[in-house]
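Dropping structure34.txt in here (compact mmCIF, C-alpha atoms and all ligand atoms):
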```txt
# COMPACT_ATOMS: atom_id res chain seq x y z
CA MET A 353 -16.77 31.23 -4.69
CA ASN A 354 -14.59 30.94 -1.66
CA ALA A 355 -13.72 27.25 -1.54
CA LYS A 356 -12.94 27.53 2.17
CA PHE A 357 -16.66 27.25 2.76
CA THR A 358 -17.44 24.26 0.59
CA ARG A 359 -16.80 20.56 0.94
CA ASP A 360 -17.99 19.74 -2.55
CA PRO A 361 -15.11 17.57 -3.84
CA ALA A 362 -15.49 18.83 -7.39
CA LEU A 363 -14.87 22.37 -6.16
CA LEU A 364 -11.83 21.38 -4.11
CA VAL A 365 -9.84 19.89 -6.99
CA GLY A 366 -9.07 21.90 -10.10
CA ALA A 367 -7.27 20.78 -13.24
CA ASP A 368 -3.99 22.02 -11.84
CA ARG A 369 -4.59 22.85 -8.18
CA ILE A 370 -5.96 21.39 -4.96
CA HIS A 371 -7.61 23.15 -2.07
CA SER A 372 -5.50 22.95 1.09
CA SER A 373 -8.48 21.82 3.19
CA VAL A 374 -8.23 18.33 1.63
CA TYR A 375 -5.20 17.84 3.90
CA THR A 376 -6.50 19.51 7.03
CA ASP A 377 -10.28 19.28 7.34
CA PRO A 378 -11.37 16.47 9.74
CA GLU A 379 -14.78 16.26 8.02
CA ILE A 380 -13.14 15.67 4.67
CA PHE A 381 -11.04 12.95 6.30
CA GLU A 382 -14.18 11.25 7.64
CA ARG A 383 -15.68 11.42 4.18
CA GLU A 384 -12.53 9.87 2.72
CA LEU A 385 -12.85 6.97 5.14
CA ASN A 386 -16.46 6.39 4.12
CA LEU A 387 -16.23 6.99 0.40
CA ILE A 388 -12.68 5.93 -0.50
CA PHE A 389 -11.63 3.30 2.05
CA GLY A 390 -15.22 2.29 2.84
CA ARG A 391 -16.17 1.73 -0.77
CA SER A 392 -13.18 1.09 -2.99
CA TRP A 393 -10.71 -1.80 -2.93
CA PHE A 394 -7.82 -1.32 -0.50
CA PHE A 395 -4.74 -3.41 0.16
CA VAL A 396 -4.69 -5.69 3.21
CA ALA A 397 -1.67 -8.01 3.14
CA HIS A 398 0.43 -10.34 1.05
CA GLU A 399 -0.52 -14.01 1.30
CA SER A 400 2.99 -14.91 2.48
CA GLU A 401 2.38 -12.98 5.72
CA ILE A 402 0.14 -15.85 6.90
CA PRO A 403 1.51 -18.96 5.17
CA GLN A 404 0.29 -21.73 7.52
CA PRO A 405 -3.20 -22.76 8.72
CA GLY A 406 -3.95 -20.85 11.91
CA ASP A 407 -1.59 -17.99 11.01
CA PHE A 408 -3.21 -14.63 11.58
CA LYS A 409 -2.48 -10.93 11.29
CA THR A 410 -4.39 -8.00 12.76
CA ASP A 411 -4.33 -4.52 11.34
CA GLN A 412 -6.14 -1.23 11.49
CA LEU A 413 -7.09 1.41 8.99
CA GLY A 414 -8.91 4.51 10.12
CA ARG A 415 -11.57 3.37 12.59
CA TRP A 416 -11.61 -0.20 11.27
CA ARG A 417 -9.92 -3.15 12.92
CA PHE A 418 -9.24 -6.23 10.83
CA LEU A 419 -8.38 -9.84 11.53
CA LEU A 420 -6.87 -11.79 8.64
CA VAL A 421 -6.48 -15.53 9.17
CA ARG A 422 -5.68 -18.68 7.23
CA HIS A 423 -8.20 -21.39 8.03
CA ARG A 424 -7.32 -25.09 8.19
CA ASP A 425 -8.68 -25.54 4.63
CA ARG A 426 -5.87 -23.06 3.68
CA GLY A 427 -8.43 -20.47 2.57
CA ILE A 428 -7.95 -16.92 3.78
CA ARG A 429 -10.69 -15.14 5.78
CA LEU A 430 -10.91 -11.50 6.70
CA PHE A 431 -13.12 -10.31 9.57
CA HIS A 432 -13.73 -7.23 11.60
CA ASN A 433 -11.52 -7.84 14.64
CA VAL A 434 -14.46 -7.38 16.99
CA CYS A 435 -16.11 -9.90 19.30
CA ARG A 436 -19.64 -10.67 18.20
CA HIS A 437 -20.92 -10.69 21.78
CA ARG A 438 -20.56 -7.13 23.09
CA GLY A 439 -18.17 -5.68 20.57
CA ALA A 440 -14.80 -5.83 22.34
CA LEU A 441 -11.63 -5.77 20.29
CA LEU A 442 -11.00 -9.49 19.89
CA CYS A 443 -7.37 -10.20 19.03
CA HIS A 444 -4.61 -8.00 20.41
CA GLU A 445 -1.53 -9.49 18.76
CA ASN A 446 -0.11 -8.24 15.45
CA TYR A 447 0.76 -11.73 14.22
CA GLY A 448 0.48 -15.27 15.56
CA ASN A 449 -0.85 -18.75 15.07
CA THR A 450 -3.93 -20.11 16.80
CA GLN A 451 -6.84 -22.50 16.52
CA VAL A 452 -9.31 -20.19 18.23
CA PHE A 453 -9.65 -16.53 19.14
CA LYS A 454 -10.84 -16.00 22.71
CA CYS A 455 -12.42 -12.75 23.83
CA MET A 456 -10.99 -11.42 27.09
CA TYR A 457 -14.33 -10.10 28.37
CA HIS A 458 -16.75 -13.06 28.71
CA GLY A 459 -14.63 -15.72 27.05
CA TRP A 460 -16.50 -16.38 23.82
CA THR A 461 -14.25 -18.26 21.40
CA PHE A 462 -14.27 -18.18 17.61
CA ALA A 463 -12.74 -20.63 15.14
CA THR A 464 -10.50 -19.45 12.31
CA ASP A 465 -13.47 -19.53 9.93
CA GLY A 466 -15.23 -17.05 12.23
CA SER A 467 -17.81 -19.47 13.63
CA VAL A 468 -18.61 -19.50 17.34
CA GLN A 469 -16.63 -22.26 19.02
CA GLY A 470 -17.62 -21.83 22.64
CA VAL A 471 -19.75 -19.68 24.91
CA PRO A 472 -19.24 -19.87 28.71
CA MET A 473 -22.48 -20.74 30.58
CA ARG A 474 -24.11 -21.55 27.27
CA GLU A 475 -26.79 -23.64 29.01
CA GLN A 476 -28.23 -20.52 30.64
CA MET A 477 -28.76 -18.73 27.31
CA ARG A 478 -31.86 -20.27 25.86
CA ASP A 479 -32.30 -17.70 23.08
CA LEU A 480 -28.74 -17.55 21.79
CA ASP A 481 -28.36 -18.79 18.22
CA VAL A 482 -24.62 -19.25 17.83
CA GLN A 483 -25.04 -19.76 14.06
CA THR A 484 -25.81 -16.08 13.66
CA HIS A 485 -23.14 -14.82 16.04
CA GLY A 486 -19.96 -15.60 14.14
CA LEU A 487 -17.35 -12.95 13.42
CA VAL A 488 -18.42 -10.33 10.91
CA PRO A 489 -16.68 -10.97 7.58
CA ILE A 490 -15.48 -8.23 5.26
CA PRO A 491 -17.85 -8.42 2.28
CA ARG A 492 -15.32 -8.76 -0.52
CA VAL A 493 -11.79 -10.15 -0.42
CA ASP A 494 -9.73 -11.09 -3.44
CA SER A 495 -6.08 -11.37 -4.37
CA TYR A 496 -3.81 -10.85 -7.32
CA GLN A 497 -0.29 -12.33 -7.47
CA GLY A 498 -0.57 -12.97 -3.73
CA PHE A 499 -1.51 -9.35 -2.92
CA ILE A 500 -4.76 -9.44 -0.93
CA PHE A 501 -7.24 -6.60 -1.28
CA ALA A 502 -10.61 -6.06 0.38
CA SER A 503 -13.68 -3.94 -0.06
CA LEU A 504 -16.20 -2.99 2.60
CA ALA A 505 -18.81 -2.59 -0.13
CA SER A 506 -20.65 -5.81 -0.96
CA ALA A 507 -21.02 -4.87 -4.64
CA GLY A 508 -18.89 -3.06 -7.17
CA GLU A 509 -16.32 -3.72 -9.86
CA SER A 510 -14.08 -6.75 -9.54
CA LEU A 511 -10.56 -6.46 -8.14
CA ARG A 512 -9.08 -7.26 -11.54
CA ASP A 513 -11.06 -4.48 -13.17
CA TYR A 514 -10.11 -2.11 -10.39
CA LEU A 515 -6.40 -2.90 -10.73
CA GLY A 516 -6.61 -2.56 -14.51
CA GLY A 517 -3.27 -1.46 -15.96
CA ALA A 518 -1.54 -1.85 -12.57
CA LYS A 519 -1.76 -5.65 -12.82
CA ARG A 520 1.18 -5.99 -15.16
CA TYR A 521 3.45 -4.22 -12.67
CA LEU A 522 2.43 -6.64 -9.90
CA ASP A 523 3.22 -9.39 -12.44
CA LEU A 524 6.65 -7.81 -12.87
CA MET A 525 7.28 -7.82 -9.11
CA VAL A 526 6.70 -11.56 -9.01
CA GLU A 527 8.41 -12.40 -12.29
CA ARG A 528 11.69 -11.09 -10.88
CA ALA A 529 11.89 -14.03 -8.47
CA PRO A 530 13.72 -17.09 -9.82
CA GLU A 531 10.82 -19.26 -8.62
CA GLY A 532 8.11 -16.72 -9.56
CA ARG A 533 7.16 -15.95 -5.96
CA ILE A 534 7.92 -13.37 -3.33
CA VAL A 535 7.70 -13.77 0.42
CA ALA A 536 7.22 -10.83 2.77
CA VAL A 537 9.12 -10.54 6.03
CA LYS A 538 8.06 -8.60 9.12
CA PRO A 539 7.52 -4.89 8.53
CA VAL A 540 9.31 -1.71 9.48
CA GLN A 541 6.80 0.85 10.74
CA TYR A 542 6.94 4.62 10.67
CA HIS A 543 4.47 7.21 11.83
CA TYR A 544 4.18 10.86 10.88
CA ARG A 545 2.10 13.85 11.85
CA GLY A 546 0.59 14.49 8.46
CA ASN A 547 -2.20 13.57 6.11
CA TRP A 548 -2.15 10.12 4.44
CA LYS A 549 -2.14 11.61 0.94
CA LEU A 550 1.24 13.28 1.54
CA GLN A 551 2.92 9.86 1.47
CA LEU A 552 1.00 8.83 -1.62
CA GLU A 553 2.01 11.97 -3.50
CA ASN A 554 5.59 11.79 -2.30
CA TYR A 555 6.05 8.33 -3.84
CA SER A 556 5.69 9.75 -7.34
CA ASP A 557 7.36 13.10 -6.64
CA ASN A 558 10.67 13.17 -8.46
CA TYR A 559 11.12 16.86 -7.84
CA HIS A 560 12.20 16.71 -4.21
CA PRO A 561 14.99 14.07 -4.03
CA ALA A 562 17.86 16.20 -5.30
CA VAL A 563 17.11 18.77 -2.61
CA LEU A 564 15.54 16.93 0.31
CA HIS A 565 17.78 13.85 0.01
CA HIS A 566 20.89 15.70 -1.06
CA SER A 567 22.98 14.48 1.86
CA VAL A 568 22.36 10.79 1.25
CA LEU A 569 22.49 11.02 -2.53
CA SER A 570 25.80 12.81 -2.63
CA THR A 571 27.41 10.69 0.09
CA GLY A 572 25.92 7.46 -1.24
CA ALA A 573 27.02 8.11 -4.81
CA LYS A 574 30.57 8.72 -3.61
CA MET A 575 30.68 5.58 -1.48
CA LEU A 576 29.20 3.40 -4.20
CA LYS A 577 31.64 4.73 -6.77
CA GLU A 578 34.47 3.75 -4.47
CA LYS A 579 32.96 0.31 -3.94
CA PHE A 580 31.58 -0.56 -7.38
CA GLY A 581 33.38 1.76 -9.78
CA GLU A 582 31.77 3.84 -12.49
CA ASN A 583 29.22 1.28 -13.65
CA PRO A 584 27.15 -0.30 -10.90
CA ILE A 585 24.81 -3.06 -12.02
CA GLY A 586 21.71 -1.68 -13.66
CA ALA A 587 22.90 1.92 -13.97
CA LYS A 588 22.15 3.35 -17.39
CA SER A 589 23.43 6.70 -18.41
CA ASN A 590 20.94 9.30 -19.65
CA ALA A 591 18.03 7.31 -18.27
CA ARG A 592 14.88 9.39 -18.32
CA TYR A 593 12.45 9.47 -15.43
CA GLU A 594 8.95 8.69 -16.64
CA GLU A 595 5.49 8.70 -15.07
CA ARG A 596 2.62 6.57 -16.28
CA VAL A 597 -0.87 7.28 -15.01
CA LEU A 598 -2.81 4.03 -15.14
CA GLY A 599 -6.35 5.05 -14.19
CA HIS A 600 -8.21 4.66 -10.87
CA GLY A 601 -5.46 6.74 -9.23
CA HIS A 602 -2.81 4.08 -9.93
CA SER A 603 0.49 5.09 -11.47
CA ILE A 604 4.12 4.17 -11.89
CA ALA A 605 7.33 6.13 -11.84
CA ASP A 606 9.87 4.36 -14.05
CA TYR A 607 13.54 5.26 -13.58
CA HIS A 608 14.60 2.99 -16.45
CA GLY A 609 17.44 1.54 -14.44
CA GLY A 610 19.00 4.96 -14.06
CA ARG A 611 19.40 4.75 -10.31
CA GLY A 612 21.73 1.77 -10.20
CA ALA A 613 24.34 3.96 -8.54
CA LEU A 614 22.01 5.02 -5.77
CA TRP A 615 21.34 1.70 -4.15
CA MET A 616 23.69 -1.03 -3.14
CA ASN A 617 24.03 -3.60 -5.89
CA ALA A 618 21.88 -6.44 -4.65
CA TYR A 619 21.76 -8.51 -7.80
CA ASP A 620 24.73 -10.74 -8.58
CA ASP A 621 25.83 -12.96 -11.47
CA GLU A 622 24.25 -15.99 -9.84
CA TYR A 623 20.88 -14.22 -9.80
CA LEU A 624 21.25 -13.23 -13.45
CA GLN A 625 22.18 -16.79 -14.36
CA MET A 626 19.12 -18.23 -12.59
CA MET A 627 16.85 -15.71 -14.24
CA THR A 628 18.45 -16.29 -17.65
CA GLU A 629 17.69 -20.00 -17.39
CA ARG A 630 14.09 -19.10 -16.69
CA VAL A 631 13.34 -16.26 -19.09
CA GLY A 632 16.40 -15.75 -21.33
CA MET A 633 19.23 -13.26 -21.00
CA GLU A 634 17.50 -10.20 -22.43
CA ARG A 635 14.43 -10.47 -20.21
CA ALA A 636 16.58 -11.42 -17.21
CA MET A 637 18.55 -8.19 -17.57
CA GLU A 638 15.36 -6.17 -18.00
CA LEU A 639 13.92 -7.69 -14.85
CA ARG A 640 17.12 -7.19 -12.88
CA ASP A 641 17.29 -3.53 -13.87
CA SER A 642 13.59 -2.73 -13.33
CA ASP A 643 13.41 0.33 -11.13
CA ILE A 644 9.78 1.26 -10.71
CA HIS A 645 7.65 2.85 -8.01
CA LEU A 646 4.13 1.48 -8.36
CA ILE A 647 1.22 3.20 -6.62
CA ILE A 648 -2.02 1.28 -6.26
CA TYR A 649 -4.59 3.73 -5.02
CA PRO A 650 -5.39 4.33 -2.24
CA ASN A 651 -2.90 2.63 0.07
CA LEU A 652 -0.30 0.35 -1.58
CA LEU A 653 3.17 1.44 -2.69
CA VAL A 654 5.48 -1.09 -4.37
CA HIS A 655 9.22 -0.61 -4.82
CA VAL A 656 10.26 -3.01 -7.53
CA ARG A 657 14.02 -2.60 -7.35
CA MET A 658 14.27 -2.86 -3.57
CA ASN A 659 11.60 -5.53 -3.57
CA HIS A 660 9.40 -4.11 -0.84
CA TYR A 661 5.86 -2.85 -0.49
CA ARG A 662 4.42 -0.24 1.84
CA VAL A 663 0.93 0.07 3.23
CA ILE A 664 -0.45 3.51 4.08
CA LYS A 665 -2.77 3.47 7.10
CA PRO A 666 -4.64 6.71 7.74
CA VAL A 667 -5.25 7.32 11.45
CA SER A 668 -6.74 10.81 11.44
CA VAL A 669 -6.60 13.87 9.21
CA ASP A 670 -3.07 14.61 10.45
CA GLN A 671 -1.78 11.22 11.64
CA THR A 672 -0.59 8.38 9.41
CA VAL A 673 1.16 5.05 9.91
CA VAL A 674 3.08 3.32 7.11
CA ASN A 675 4.24 -0.28 7.27
CA THR A 676 7.03 -1.34 4.91
CA TYR A 677 7.40 -5.04 4.14
CA PRO A 678 10.75 -6.15 2.71
CA CYS A 679 10.29 -9.21 0.49
CA LYS A 680 12.48 -12.12 -0.46
CA LEU A 681 12.77 -13.28 -4.06
CA VAL A 682 12.06 -16.98 -3.72
CA GLY A 683 14.88 -18.97 -5.33
CA ALA A 684 17.44 -16.16 -5.10
CA SER A 685 20.50 -16.64 -2.88
CA LYS A 686 20.65 -15.56 0.75
CA ARG A 687 23.17 -12.89 -0.25
CA VAL A 688 20.74 -11.31 -2.72
CA ASN A 689 17.82 -11.42 -0.30
CA ASP A 690 19.91 -10.12 2.61
CA ALA A 691 21.04 -7.23 0.42
CA LEU A 692 17.46 -6.40 -0.60
CA ILE A 693 16.26 -6.42 3.01
CA SER A 694 19.24 -4.32 4.02
CA ASN A 695 18.53 -1.83 1.20
CA THR A 696 14.95 -1.45 2.37
CA SER A 697 16.04 -1.03 5.97
CA HIS A 698 18.58 1.64 4.99
CA HIS A 699 15.84 3.38 3.08
CA VAL A 700 12.90 3.47 5.48
CA SER A 701 13.96 2.64 9.04
CA ALA A 702 14.33 5.16 11.86
CA ALA A 703 18.11 4.94 11.51
CA GLY A 704 17.82 4.93 7.73
CA GLU A 705 19.00 7.54 5.29
CA VAL A 706 16.08 8.48 3.06
CA GLN A 707 12.58 8.21 4.52
CA VAL A 708 13.45 10.18 7.64
CA ASP A 709 13.92 13.22 5.36
CA ASP A 710 10.45 12.71 3.86
CA LEU A 711 8.86 12.29 7.28
CA GLN A 712 10.25 15.62 8.40
CA ALA A 713 8.89 17.17 5.20
CA PHE A 714 5.44 15.64 5.86
CA ASN A 715 5.37 17.08 9.38
CA TRP A 716 6.29 20.55 8.12
CA LEU A 717 3.88 20.33 5.19
CA GLN A 718 1.05 19.53 7.57
CA GLU A 719 2.00 22.36 9.88
CA GLY A 720 2.25 24.85 7.01
CA LEU A 721 -1.00 23.72 5.40
CA ALA A 722 -2.86 23.82 8.73
CA SER A 723 -1.78 27.43 9.22
CA GLY A 724 -4.26 28.44 6.52
CA ALA A 725 -1.73 30.65 4.74
CA LEU A 726 -2.33 29.00 1.36
CA GLU A 727 -5.77 28.32 0.01
CA TRP A 728 -4.73 26.54 -3.21
CA ILE A 729 -1.80 24.21 -3.89
CA PRO A 730 -0.55 23.99 -7.51
CA PHE A 731 -0.10 20.58 -9.13
CA LYS A 732 1.03 21.07 -12.65
CA LEU A 733 4.58 22.24 -12.77
CA TYR A 734 5.52 20.78 -16.11
CA GLY A 735 3.62 18.68 -18.56
CA GLU A 736 4.38 19.58 -22.13
CA ASP A 737 5.47 16.06 -23.00
CA GLU A 738 2.28 14.49 -21.71
CA HIS A 739 0.64 12.12 -24.10
CA THR A 740 -1.58 9.07 -23.99
CA GLU A 741 -0.16 5.72 -25.04
CA MET A 742 -1.41 2.18 -25.30
CA GLU A 743 -4.28 1.10 -23.06
CA GLY A 744 -4.93 4.71 -22.11
CA GLU A 745 -1.76 5.14 -20.05
CA CYS A 746 -0.97 8.84 -19.74
CA VAL A 747 2.80 9.30 -20.00
CA SER A 748 4.82 12.28 -18.85
CA PHE A 749 8.39 13.04 -17.89
CA GLY A 750 10.36 14.94 -15.31
CA THR A 751 8.36 16.84 -12.74
CA SER A 752 4.95 16.89 -14.39
CA GLU A 753 3.07 15.78 -11.24
CA GLY A 754 0.82 13.83 -13.59
CA ALA A 755 0.55 10.92 -11.13
CA ILE A 756 -0.67 13.25 -8.39
CA ARG A 757 -3.30 14.72 -10.69
CA GLY A 758 -4.36 11.15 -11.53
CA GLN A 759 -4.78 10.45 -7.81
CA TYR A 760 -7.03 13.47 -7.43
CA ARG A 761 -9.15 12.49 -10.41
CA GLU A 762 -9.91 9.25 -8.58
CA TRP A 763 -10.32 11.11 -5.28
CA THR A 764 -12.93 13.38 -6.87
CA ARG A 765 -14.74 10.46 -8.50
CA LEU A 766 -14.99 8.50 -5.24
CA MET A 767 -15.68 11.48 -3.01
CA SER A 768 -18.51 12.65 -5.24
CA ALA A 769 -20.66 9.64 -4.34
CA THR A 770 -23.31 10.03 -1.70
CA ALA A 771 -22.63 8.67 1.77
CA ASP A 772 -25.52 6.24 1.44
CA GLU A 773 -23.85 4.55 -1.52
CA SER A 774 -20.64 4.00 0.38
CA LEU A 775 -21.32 1.37 3.00
CA SER A 776 -23.41 -1.66 2.34
CA ALA A 777 -24.75 -4.05 4.89
CA PRO A 778 -22.09 -6.53 5.99
CA ASN A 779 -22.34 -10.03 4.68
CA HIS A 780 -23.12 -12.23 7.67
CA ASP A 781 -22.90 -15.51 5.85
CA PRO A 782 -20.58 -17.56 8.09
CA ALA A 783 -19.70 -19.75 5.12
CA TYR A 784 -18.26 -16.78 3.26
CA ARG A 785 -14.81 -17.40 1.86
CA TRP A 786 -12.84 -16.68 -1.23
S1 LIG A 801 -17.55 -8.98 24.63
FE1 LIG A 801 -16.52 -10.70 23.89
S2 LIG A 801 -17.23 -12.33 25.09
FE2 LIG A 801 -18.36 -10.62 25.77
FE FE A 802 11.73 11.24 -0.71
```
What would the structure in this file look like if it were written as structure tokens?
Ligand code: FES
Ligand SMILES: [Fe+2]
Amino acid sequence: MNAKFTRDPALLVGADRIHSSVYTDPEIFERELNLIFGRSWFFVAHESEIPQPGDFKTDQLGRWRFLLVRHRDRGIRLFHNVCRHRGALLCHENYGNTQVFKCMYHGWTFATDGSVQGVPMREQMRDLDVQTHGLVPIPRVDSYQGFIFASLASAGESLRDYLGGAKRYLDLMVERAPEGRIVAVKPVQYHYRGNWKLQLENYSDNYHPAVLHHSVLSTGAKMLKEKFGENPIGAKSNARYEERVLGHGHSIADYHGGRGALWMNAYDDEYLQMMTERVGMERAMELRDSDIHLIIYPNLLVHVRMNHYRVIKPVSVDQTVVNTYPCKLVGASKRVNDALISNTSHHVSAAGEVQVDDLQAFNWLQEGLASGALEWIPFKLYGEDEHTEMEGECVSFGTSEGAIRGQYREWTRLMSATADESLSAPNHDPAYRW
């Protein structure tokens, strides 16, 4: 079989290799939109992005345009950001606060619960039933620890079941705040000419940093040694990098506090004291030193130590946008939160020191893969230590690429569904809320 001529997902993903067309074929990308993003749960926003009634956020993912808004009853609603009259894009701002959304074409207005508020020249439209012309809601919206997810399918497993073993790492993210809450600030955005899965894979790839990020790692380690001495907060010697595959494509990479020297020490004695009062010294130190990359398939990346999350937004088969949201630990001092935001900015911004390297790699990966030189890409460099632990978590060390293989197990499962199963009729109930 020459896999170049098949789009059967089961034939494109082997136990230890992936066909290069999964990164380059526009038809496969369309199928991913329908069967992965159009069917599974995907991440939308953190509740703190729209704290007040009337606060809204718009976003896009593939061909979809979304409008997330907090209604005056404080409930959160998520709609397609499309006017119900003739289908124009409704709201053009990224963020804001409003009582109504007004379409620029004929002036229909919609309240923050999606209902029609006003229709110009209404008296001339005898047959118009405004009750059935509210904004189109996204069928399922739910949240966990303030992280809001949505599904375009009206039926399927619950969000909690979907998150499964990933829930306890979202718990961890929140538990690290002295008041048990995080608050997102405005995002840093980057864009690359490459497939969306390259970013997902990169987040659990511990093979590349020593090479690709050599300049920042060597310079940073030297500077931090000068500033903080031999033992920066949270740095443990002989820490072992570990991957845990959590099912549904979710995974973590746990550095066991071994990277304390790599990032500016954000956590101070005051933070440790506040956390100790809340959870005791031992747990406070564990929380302070947590250094985990969490991947929630298909589009959420969480950086526990730097306290940020990233949202992957596929645009086309070879175009991707990623928004990174630094977060504040509610109750921690301004110094701690400023340091965390600064760490994130140094990491991912255009003038930053780390992500720019990855973006260049993504561009060159896409170019190399699109050349057609390689038919199969290997994904099992090392895995002798792999074993299954409690709750079915598959654990491996070093450069096993176990997390990437976990992502492709989920990819194959979702992509093997028929297109008809993927998109259900939208729920038009204007009273819908969660
Ligand atoms: S398209 Fe929006 S009011 Fe006509
Ligand atoms: Fe990297």
| field | Residue among A:Pro530, A:Gly517, A:Gly427, A:Pro405 lying closest to Asn689 (chain A), counting only C-alpha atoms | value |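 Going through A:Pro530, A:Gly517, A:Gly427, A:Pro405 one by one, the smallest distance to Asn689 (chain A) is for A:Pro530.
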| query | Of the candidates A:Arg611, A:His699, A:His560, A:Lys574, which shows the shortest atom-to-atom distance to ligand FE 802 (chain A), using only C-alpha atoms and all ligand atoms? | reply | A:His560
| remark: Among A:His423, A:His437, A:Arg533, A:Arg630, ligand LIG 801 (chain A) is approached most closely, using all atoms listed in the file, by A:His437
| query | Which residues form the shell of 7 Å around ligand LIG 801 (chain A) when you count all atoms listed in the file, given as a VMD selection string? | reply | chain A and resid 435 to 440 442 455 to 460
| Contacts of Ala618 (chain A) at 9 Å or less, counting all atoms listed in the file, minus same-chain residues fewer than 5 places along, as a count of residues only? | 9
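Counting from CA of Trp763 (chain A), the distance to CA of Val667 (chain A) is 17.9 Å.
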